[in-house]
Amino acid sequence: MKAAVFDGQKIAIKEVSKPEPEDSQVLIQVKAAGICGTDIAIVSGYLPTPVPLILGHEFAGEIVEVGKNVNPTWLGKRVTSEINSNIDFECYYCKREMFTQCISRKALGIDINGAFAEFIAVESYLIHELPKKISYEEATFIEPLAAAYQTFEMMPIEKDDKIVAIFGLGKLGLLLTQVALLKGLKIIVIDGSDKKIALAKKFGAYYSINRLNVNDIPTEIRKLTKDIGADIVVDTTGNPDALKDVVASCKTRGKIHMKSTHGLETPINFTDIVVREITIYSSRCGPFEKAIKGLSSGMIKASVLISKEYALNNIQEAFASYEKNQDHIKTIISI
Ligand SMILES: [Zn+2]
């Protein structure tokens, strides 16, 4: 089969052997896969992985083969898959149902082969059937949307939590904006793209800051919040330069939530965090069921976030052009 293989330096289309599903696995014919910031971090050398490796962890497709121990009714189903594979179901975390933190886990497309390929074999416990209303392209947003929901699974919203500032309006920031609105929060968005800002406002963000036009973002946020600061600040940028503003924009005893896995060293002065008793949260993978429900009900809009689609053969071009354009949100590889 054809696959996009990362050799530690670059990605290239290669002919590799089609995976054989093990007894507990299904074989998925991949239809669409999204390029994630994590993929860019890997190819840029910030996030080390074993090589050679087929990247790609936001994907959907059709089940074309099932292993011996898998219910054959899965055959022909349209599905997406969670990314944390090789779960042992017996470690400290598994016993507490924290399967995404299993000590044996291997992430598809990061630790083991992923979905920028014609086929992928995955453990059957990872798959979720797609409702008819969700297209394969939209389904590539389920993994990041689940991560957006996880923000509020990990971080309680308390009585005084009313205003959230979201730094960065990539795919995750724009999904988070929509999820935060469903939680009843008022949203301030910060980004450098007027186009993305317009989209966030269309979703319902009440105030926006174009960081290219504003010198002092924390002061601007304080002006909007009676000089208090945002109750919650979420960073999706992974930009070390933004972190100072993230901290300074948060109210005393507020919450900061880190969402980026950029792999960059980030200098941070903890004194202000300690003195003002700010709590730092973080989260990544989340509940797929909630994400699927959000998309299929139409509460969350995803297809409007697709900037460009490429064929698998043109994946190098897709990676090369990723985020060169400030307005770019999401690239999908159609397979
Ligand atoms: Zn485990």
# chains A, B, ... in the order shown; residues from 1 in each chain; ligands from 1
>>> closest_atom_pairs(of="chain A", to="ligand 1", cutoff="9 Å", atoms="only C-alpha atoms and all ligand atoms", output="JSON lines")
{"residue": "A:Asn86", "atom": "CA", "partner": "ligand 1", "partner_atom_place_in_ligand_line": "1 (Zn)", "distance": 8.6}
{"residue": "A:Ile87", "atom": "CA", "partner": "ligand 1", "partner_atom_place_in_ligand_line": "1 (Zn)", "distance": 5.4}
{"residue": "A:Asp88", "atom": "CA", "partner": "ligand 1", "partner_atom_place_in_ligand_line": "1 (Zn)", "distance": 4.4}
{"residue": "A:Phe89", "atom": "CA", "partner": "ligand 1", "partner_atom_place_in_ligand_line": "1 (Zn)", "distance": 4.6}
{"residue": "A:Glu90", "atom": "CA", "partner": "ligand 1", "partner_atom_place_in_ligand_line": "1 (Zn)", "distance": 5.0}
{"residue": "A:Cys91", "atom": "CA", "partner": "ligand 1", "partner_atom_place_in_ligand_line": "1 (Zn)", "distance": 3.9}
{"residue": "A:Tyr92", "atom": "CA", "partner": "ligand 1", "partner_atom_place_in_ligand_line": "1 (Zn)", "distance": 6.5}
{"residue": "A:Tyr93", "atom": "CA", "partner": "ligand 1", "partner_atom_place_in_ligand_line": "1 (Zn)", "distance": 5.6}
{"residue": "A:Cys94", "atom": "CA", "partner": "ligand 1", "partner_atom_place_in_ligand_line": "1 (Zn)", "distance": 4.2}
{"residue": "A:Lys95", "atom": "CA", "partner": "ligand 1", "partner_atom_place_in_ligand_line": "1 (Zn)", "distance": 7.3}
{"residue": "A:Glu97", "atom": "CA", "partner": "ligand 1", "partner_atom_place_in_ligand_line": "1 (Zn)", "distance": 8.7}
{"residue": "A:Met98", "atom": "CA", "partner": "ligand 1", "partner_atom_place_in_ligand_line": "1 (Zn)", "distance": 8.0}
{"residue": "A:Phe99", "atom": "CA", "partner": "ligand 1", "partner_atom_place_in_ligand_line": "1 (Zn)", "distance": 6.1}
{"residue": "A:Thr100", "atom": "CA", "partner": "ligand 1", "partner_atom_place_in_ligand_line": "1 (Zn)", "distance": 8.4}
{"residue": "A:Gln101", "atom": "CA", "partner": "ligand 1", "partner_atom_place_in_ligand_line": "1 (Zn)", "distance": 7.2}
{"residue": "A:Cys102", "atom": "CA", "partner": "ligand 1", "partner_atom_place_in_ligand_line": "1 (Zn)", "distance": 3.6}
{"residue": "A:Ile103", "atom": "CA", "partner": "ligand 1", "partner_atom_place_in_ligand_line": "1 (Zn)", "distance": 5.2}
{"residue": "A:Ser104", "atom": "CA", "partner": "ligand 1", "partner_atom_place_in_ligand_line": "1 (Zn)", "distance": 5.8}
{"residue": "A:Arg105", "atom": "CA", "partner": "ligand 1", "partner_atom_place_in_ligand_line": "1 (Zn)", "distance": 7.0}
>>> atom_distance(atom1="atom CA of Thr80 of chain A", atom2="atom CA of Phe288 of chain A")
9.3 Å
>>> select_by_dssp(residues="segment 142-236 of chain A", states="helix (DSSP H, G or I)", output="number ranges by chain")
A: 142-154, 171-182, 194-203, 217-224
>>> closest_atom_pairs(of="segment 228-306 of chain A", to="segment 126-133 of chain A", cutoff="10 Å", atoms="only C-alpha atoms", output="JSON lines")
{"residue": "A:Phe288", "atom": "CA", "partner": "A:His128", "partner_atom": "CA", "distance": 7.8}
{"residue": "A:Glu289", "atom": "CA", "partner": "A:His128", "partner_atom": "CA", "distance": 8.1}
{"residue": "A:Ile292", "atom": "CA", "partner": "A:Leu130", "partner_atom": "CA", "distance": 7.5}
{"residue": "A:Lys293", "atom": "CA", "partner": "A:Pro131", "partner_atom": "CA", "distance": 9.0}
{"residue": "A:Leu295", "atom": "CA", "partner": "A:Lys133", "partner_atom": "CA", "distance": 8.5}
{"residue": "A:Ser296", "atom": "CA", "partner": "A:Lys133", "partner_atom": "CA", "distance": 5.8}
{"residue": "A:Ser297", "atom": "CA", "partner": "A:Lys133", "partner_atom": "CA", "distance": 8.6}
{"residue": "A:Gly298", "atom": "CA", "partner": "A:Lys133", "partner_atom": "CA", "distance": 9.1}
>>> closest_residue(among="A:Val275, A:Ala121, A:Met258, A:Ile11", to="Leu172 of chain A", atoms="only C-alpha atoms")
A:Met258
>>> atom_distance(atom1="atom CA of Phe6 of chain A", atom2="atom CA of Leu53 of chain A")
5.2 Å
>>> residues_around(residues="Asp161 of chain A", least_positions_apart="4", cutoff="9 Å", atoms="only C-alpha atoms", output="list in words")
Ile157, Leu185, Ala230, Asp231, Ile232 and Gly254 of chain A
>>> closest_residue(among="A:Glu22, A:Ala311, A:Val234, A:Lys196", to="Phe152 of chain A", atoms="only C-alpha atoms")
A:Val234
>>> closest_residue(among="A:Gly34, A:Pro21, A:Gly114, A:Gly294", to="Val70 of chain A", atoms="only C-alpha atoms")
A:Pro21
>>> closest_residue(among="A:Lys31, A:Lys330, A:His262, A:Lys183", to="Thr236 of chain A", atoms="only C-alpha atoms")
A:His262
